[in-house]
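Novice: One structure, as structure tokens, below. Some questions next.
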Amino acid sequence: MSNMLTENQSLATTLLNCPLSVRASAGSGKTSTLVERYINLLRAGFTPKEILTVTFTREAANQLRDRIIAGLLEAGFQTDLIAAVEDTRSIGTIHSLCYTILNQFGEELGLAPVKEITDEFAFSGAFSSSYQQWVETQSHPDLSALLQHFSHRELNDMARAIYRNRYLFYESLSLAQDSGGKDPGGALLLLLGRTLKPLMAQLTSRFHAHGSYTFDDLEHLALRVLSESRLARTRLTQQYRHILLDEFQDTSSLQWQILRILLGEFPEKLFIVGDPKQSIYGFRQAEPALFEEVTQLICHKGGRELALIHNFRSEPGLLDTINFLSEHLFENQSFSWVPMLSGTAVTNKSIAPFRLHWYGPNTKTTRRELQQSEIPAVVTEIESLLKRGIAPGSIAILSRNTDRITEFAQALKEKGIPVRCKQTEALTHQLDVLDVISFLQCVAAPLDDTKLIGFLRSSFIQFSYQQILNLTLQRTVTNKTYEPLIHVLLRTPPQELTWFVDLLNSGESLVERCLLALFTHANYFPQNQEAFNAILKPLSQPHLQLFEIQADLQAWRDSELLFNRDSDFQESPTSVQLMTVHASKGLEFDFVFLVDGLRQLPQDLPPVLVKPGLPPGIRFWQNNEKIMSPSYQGLLDELRKKNEEEARRILYVAITRARKELHFFAPHLDSGAYPAHSWAQLLVDACLNWENGRTQNKPRELPGSTTPSVSGCTT
């Protein structure tokens with residue numbers, strides 16, 4: 001393996017006694033370098049237990065372990081060492097590391113061992129019941145003061161958001177106290193923090209007592225253990241004689257604090273590898289600037305910075321275009337762009353490795369009409385590739401968000417093209433899930449006409465509105481009050497509902513038996529397998545009673561619970577793949593299609609904004625006007641700037657997934673203005689800049705052009 005490495009890769013794998021920062025461009029063989037360094041550490045006599053290797057996802061950790069084992073087998077290492085690599089817990093994610101720290105040393109601080117990660121179902125149900133109790137126990141003046149500035153719904157949502165980010169919120173709240181007299185939101189923040197504190201403590205105790213922790217809990221409590229327990233610090237800093245940190249650009253400042261403690265007084269054991277241009281996890285508090293800071297620390301401690309600039313993924317013609325587009329993307333950004341060099345020989349030269357496809361009318365139109373006209377343009381181009389003999393499995397459609405993936409997938413499916421989807425969706429947007437919840441709510445409260453009608457109208461029964469009306473006309477009236485609708489069914493049950501009546505008459509209360517009756521006798525079975533499995537998981541606990549889950553069912557209805565949908569349509573290894581750019585991280589495809597290019601940056605305005613070292617900001621109602629505190633406005637401006645910068649990095653990750661061809665779809669320039677910082681604006685501007693610099697043509701001539709508009713690009 002080592003004889004295939006570049007000079008800087010070779011240095012990164014052999015300089016074992018000094019700290020290193022490796023800046024790895026897209027497709028530069030980062031994983032191969034990391035694997036070879038790990039194997040060289042084993043050759044030097046270090047054991048797997050002594051080499052802490054942290055990467056970003058569990059899938060990446062498993063892949064890294066597999067490649068290390070494959071390298072060891074190829075090099076003829078002894079089987080006992082290979083078995084030690086297979087079994088070691090020292091290869092994993094930052095959260096698996098925190099899990100280990102808490103379970104080994106958390107008892108010193110009175111923390112229960114970690115048994116599970118709190119899932120969304122458990123959190124949603126527990127939060128709803130605890131929040132209701134909290135509201136009922138609040139003093140009237142405090143609650144009244146809060147409701148002058150927030151609606152009940154806003155207060156509920158804010159309490160939920162603060163719990164998820166409670167560590168940072170309460171750490172920064174002391175700064176709000178200092179500025180409370182100057183900041184009109186300061187006093188309100190202090191009231192909010194003080195009033196919500198019992199709810200935060202009650203929820204935390206409720207989960208932690210049973211060993212249930214969030215990922216945020218794992219990080220903060222692991223840092224607390226390392227900070228307060230000398231035993232933990234001493235043992236772990238002595239155990240980990242080398243620390244390899246993969247995808248370091250996605251590390252948060254809190255995670256770095258944990259890792260920094262594990263370094264102890266031995267900076268020479270630190271090795272980081274990553275690419276700040278590929279930092280796209282700002283919503284997980286990733287800090288791309290941290291890469292630069294730690295690199296400076298490494299150099300200050302006598303280490304070195306190495307750059308891997310050879311791209312072994314994209315063919316040379318496409319790489320030229322990627323370099324040009326990237327130079328445009330990162331112009332005037334916080335770091336300078338360094339062009340990548342090709343490490344790949346031409347295998348199947350493409351006439352136009354980057355193609356800009358125009359769609360939609362040449363006149364101004366609506367955003368929705370543009371979205372609808374994009375889909376057939378994409379389908380037509382994919383059909384053209386398939387006619388060229390391109391395998392469907394080598395094609396990927398990437399988008400910024402998940403919400404339109406199903407539309408593209410459905411259009412391809414209608415043309416007989418196999419597709420596979422990877423996306424995250426709201427569980428309660430799925431009718432199958434709502435229908436299962438309606439059934440359980442109805443069985444638990446059959447006298448409630450609304451719940452009964454919801455079940456009768458569901459896919460399981462499919463009663464029409466006329467059938468519901470006929471049932472209501474059969475009700476008797478006593479003292480001007482209609483009897484519950486269920487009484488009509490109990491007197492004369494329709495043939496298709498005899499099983500349901502029998503279930504009610506039996507008094508069955510076990511959830512699993514009620515569901516068994518539904519799926520045995522109803523004429524419909526849930527079609528969305530992923531969504532059905534997600535809702536079935538919390539309902540499949542043994543001996544779970546109907547009365548125990550009623551509050552949870554309603555909480556799940558009201559919450560934005562998410563589930564992963566993988567291959568909603570035909571699943572095949574030779575399918576066109578549809579996913580977000582985030583899901584494509586670490587993957588590569590011969591042909592990449594970038595769609596939904598008019599997507600705007602996130603526009604939501606959360607009620608509370610927090611950042612380490614700064615007072616939190618708050619957005620609230622005052623005299624029927626929405627007010628932003630000065631701290632909120634400052635944090636919001638910073639957030640928007642970070643979102644703009646991240647939008648460019650997300651696009652960079654997208655274009656660097658392609659090996660042979662990159663296809664981008666943009667509306668005609670005359671169809672309307674492109675949203676700022678959208679893919680359409682960023683890429684089309686780059687194309688126009690190149691075209692103008694080469695031919696001095698006017699921008700308006702580009703849509704009708706049949707000549708290349710970027711090196712190797714056709715329109």
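Chain lettering (A, B, ...) mirrors the order of the structure tokens, residue numbering begins at 1 for each chain separately, and ligand numbering begins at 1 in order of display.
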Which residues are close to Glu644 in chain A, i.e. within 12 Å by only C-alpha atoms, leaving aside same-chain residues fewer than 2 positions away? Reply as a list in words.
Specialist: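 These residues fall inside the cut-off: Ile280, Gly282, Leu329, Phe330, Gln333, Gln600, Leu601, Pro602, Gln603, Asp637, Glu638, Leu639, Arg640, Lys641, Lys642, Glu646, Ala647, Arg648, Arg649, Ile650, Leu651, Pro675, Ala676, His677, Ser678, Trp679 and Leu682 of chain A.
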Novice: Would you mind exporting N, CA, C and O atoms of the selected residues as a compact mmCIF listing (two decimals), in the first residue's frame?
Specialist:
```
# COMPACT_ATOMS: atom_id res chain seq x y z
N ILE A 280 -19.74 20.76 6.80
CA ILE A 280 -21.14 21.04 6.44
C ILE A 280 -22.11 20.66 7.56
O ILE A 280 -23.29 20.45 7.32
N GLY A 282 -22.83 22.48 10.48
CA GLY A 282 -23.01 23.59 11.41
C GLY A 282 -24.15 23.36 12.38
O GLY A 282 -24.09 23.80 13.53
N LEU A 329 -16.31 29.67 -5.87
CA LEU A 329 -17.07 29.47 -4.63
C LEU A 329 -16.36 30.06 -3.43
O LEU A 329 -16.99 30.66 -2.55
N PHE A 330 -15.04 29.90 -3.38
CA PHE A 330 -14.30 30.30 -2.18
C PHE A 330 -13.57 31.63 -2.34
O PHE A 330 -12.69 31.96 -1.56
N GLN A 333 -13.33 34.19 0.74
CA GLN A 333 -13.69 33.44 1.94
C GLN A 333 -12.53 33.47 2.94
O GLN A 333 -11.47 34.05 2.67
N GLN A 600 -33.36 28.04 -1.11
CA GLN A 600 -32.84 29.18 -0.37
C GLN A 600 -32.19 28.72 0.93
O GLN A 600 -32.38 27.59 1.38
N LEU A 601 -31.44 29.62 1.53
CA LEU A 601 -30.85 29.34 2.84
C LEU A 601 -31.95 29.24 3.88
O LEU A 601 -33.05 29.77 3.70
N PRO A 602 -31.70 28.55 4.99
CA PRO A 602 -32.71 28.46 6.06
C PRO A 602 -33.16 29.85 6.50
O PRO A 602 -32.34 30.74 6.73
N GLN A 603 -34.49 30.03 6.60
CA GLN A 603 -35.04 31.33 6.96
C GLN A 603 -35.71 31.33 8.33
O GLN A 603 -36.26 32.35 8.73
N ASP A 637 -27.32 37.74 12.84
CA ASP A 637 -26.46 38.16 11.73
C ASP A 637 -25.29 37.19 11.56
O ASP A 637 -24.92 36.83 10.44
N GLU A 638 -24.72 36.76 12.68
CA GLU A 638 -23.61 35.81 12.62
C GLU A 638 -24.07 34.47 12.07
O GLU A 638 -23.37 33.83 11.28
N LEU A 639 -25.26 34.02 12.50
CA LEU A 639 -25.80 32.75 12.02
C LEU A 639 -26.03 32.79 10.52
O LEU A 639 -25.71 31.83 9.80
N ARG A 640 -26.58 33.89 10.03
CA ARG A 640 -26.84 34.00 8.59
C ARG A 640 -25.53 34.00 7.79
O ARG A 640 -25.46 33.39 6.72
N LYS A 641 -24.51 34.66 8.32
CA LYS A 641 -23.23 34.65 7.64
C LYS A 641 -22.65 33.24 7.61
O LYS A 641 -22.11 32.80 6.58
N LYS A 642 -22.76 32.52 8.72
CA LYS A 642 -22.25 31.14 8.76
C LYS A 642 -23.03 30.26 7.80
O LYS A 642 -22.45 29.39 7.14
N GLU A 646 -21.52 28.17 4.76
CA GLU A 646 -21.73 26.72 4.71
C GLU A 646 -22.42 26.32 3.41
O GLU A 646 -22.18 25.22 2.90
N ALA A 647 -23.27 27.18 2.87
CA ALA A 647 -23.93 26.88 1.60
C ALA A 647 -22.89 26.62 0.51
O ALA A 647 -23.05 25.72 -0.33
N ARG A 648 -21.82 27.39 0.50
CA ARG A 648 -20.76 27.19 -0.48
C ARG A 648 -20.02 25.87 -0.23
O ARG A 648 -19.66 25.16 -1.17
N ARG A 649 -19.81 25.55 1.03
CA ARG A 649 -19.11 24.29 1.33
C ARG A 649 -19.98 23.09 0.97
O ARG A 649 -19.47 22.06 0.51
N ILE A 650 -21.28 23.20 1.20
CA ILE A 650 -22.18 22.10 0.82
C ILE A 650 -22.14 21.88 -0.69
O ILE A 650 -22.09 20.74 -1.17
N LEU A 651 -22.14 22.98 -1.45
CA LEU A 651 -22.06 22.85 -2.90
C LEU A 651 -20.72 22.24 -3.31
O LEU A 651 -20.66 21.42 -4.24
N PRO A 675 -32.41 33.07 -6.10
CA PRO A 675 -32.21 33.45 -4.68
C PRO A 675 -30.73 33.57 -4.36
O PRO A 675 -29.90 32.80 -4.86
N ALA A 676 -30.38 34.53 -3.52
CA ALA A 676 -28.99 34.72 -3.13
C ALA A 676 -28.45 33.49 -2.44
O ALA A 676 -29.13 32.87 -1.62
N HIS A 677 -27.22 33.11 -2.80
CA HIS A 677 -26.50 31.99 -2.20
C HIS A 677 -27.12 30.62 -2.54
O HIS A 677 -26.74 29.61 -1.95
N SER A 678 -28.06 30.60 -3.48
CA SER A 678 -28.59 29.31 -3.95
C SER A 678 -27.58 28.68 -4.90
O SER A 678 -26.69 29.36 -5.43
N TRP A 679 -27.72 27.37 -5.14
CA TRP A 679 -26.84 26.71 -6.09
C TRP A 679 -26.92 27.38 -7.46
O TRP A 679 -25.91 27.55 -8.14
N LEU A 682 -24.90 30.61 -7.45
CA LEU A 682 -23.45 30.39 -7.31
C LEU A 682 -22.85 29.77 -8.57
O LEU A 682 -21.80 30.22 -9.06
```
Novice: Counting only C-alpha atoms, what is within 10 Å of range 113-124 of chain A, bar same-chain residues fewer than 5 positions away, as number ranges by chain?
Specialist: A: 98-100, 102-107, 129-130, 160, 203, 207-215, 217-218, 534-535, 537-539, 551-563
Novice: Using only C-alpha atoms, find the one residue out of A:Ala83, A:Ile618, A:Leu370, A:Leu635 that sits nearest to Phe150 in chain A.
Specialist: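 Among the listed residues, A:Ile618 lies closest to Phe150 in chain A.
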Novice: Residues of range 175-285 of chain A in alpha helix (DSSP H) according to DSSP, as a PyMOL selection string?
Specialist: chain A and resi 175-178+186-208+215-228+230-239+253-263
Novice: Name the residues in contact with Glu36 in chain A at a cut-off of 8 Å, using only C-alpha atoms, excluding same-chain residues fewer than 2 positions from it; report them as a list in words.
Specialist: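 So, after excluding close chain neighbours, the residues are Met1, Ser2, Thr13, Ser32, Thr33, Leu34, Tyr38, Ile39, Asn40, Ile68 and Gly71 of chain A.
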Novice: Keeping only N, CA, C and O atoms, write those residues as a CSV table (one decimal), in the first residue's frame.
Specialist:
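Below is the file selection-v7.csv, written as the result:
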```
chain,number,residue,atom,x,y,z
A,1,MET,N,0.8,-1.2,0.0
A,1,MET,CA,0.0,0.0,0.0
A,1,MET,C,0.9,1.3,0.0
A,1,MET,O,0.6,2.2,-0.7
A,2,SER,N,1.9,1.3,0.8
A,2,SER,CA,2.7,2.5,1.0
A,2,SER,C,3.4,2.9,-0.3
A,2,SER,O,3.7,4.1,-0.5
A,13,THR,N,2.0,9.1,7.0
A,13,THR,CA,1.9,7.8,7.6
A,13,THR,C,3.2,7.3,8.3
A,13,THR,O,3.2,6.3,9.1
A,32,SER,N,-7.1,6.2,3.0
A,32,SER,CA,-6.0,5.3,2.8
A,32,SER,C,-4.8,5.8,3.6
A,32,SER,O,-4.0,4.9,4.2
A,33,THR,N,-4.6,7.1,3.7
A,33,THR,CA,-3.5,7.6,4.5
A,33,THR,C,-3.7,7.3,6.0
A,33,THR,O,-2.8,6.9,6.7
A,34,LEU,N,-4.9,7.4,6.5
A,34,LEU,CA,-5.2,7.1,7.9
A,34,LEU,C,-5.0,5.7,8.2
A,34,LEU,O,-4.4,5.3,9.2
A,38,TYR,N,-2.2,4.0,10.8
A,38,TYR,CA,-2.6,3.1,11.9
A,38,TYR,C,-1.8,1.8,11.8
A,38,TYR,O,-1.3,1.4,12.9
A,39,ILE,N,-1.6,1.3,10.6
A,39,ILE,CA,-0.9,0.1,10.5
A,39,ILE,C,0.6,0.3,10.9
A,39,ILE,O,1.2,-0.6,11.5
A,40,ASN,N,1.1,1.4,10.5
A,40,ASN,CA,2.5,1.7,10.9
A,40,ASN,C,2.7,1.9,12.4
A,40,ASN,O,3.7,1.5,13.0
A,68,ILE,N,-8.7,-1.3,7.8
A,68,ILE,CA,-7.5,-1.6,8.5
A,68,ILE,C,-7.2,-3.1,8.6
A,68,ILE,O,-6.1,-3.6,8.4
A,71,GLY,N,-6.0,-4.3,5.3
A,71,GLY,CA,-4.6,-4.0,5.1
A,71,GLY,C,-3.7,-4.9,6.0
A,71,GLY,O,-2.6,-5.3,5.5
```
Novice: Of the candidates A:Gly586, A:Gly274, A:Pro526, A:Pro418, which shows the shortest atom-to-atom distance to Gln430 in chain A, using only C-alpha atoms?
Specialist: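 Using only C-alpha atoms, Gln430 in chain A sits closest to A:Pro526.
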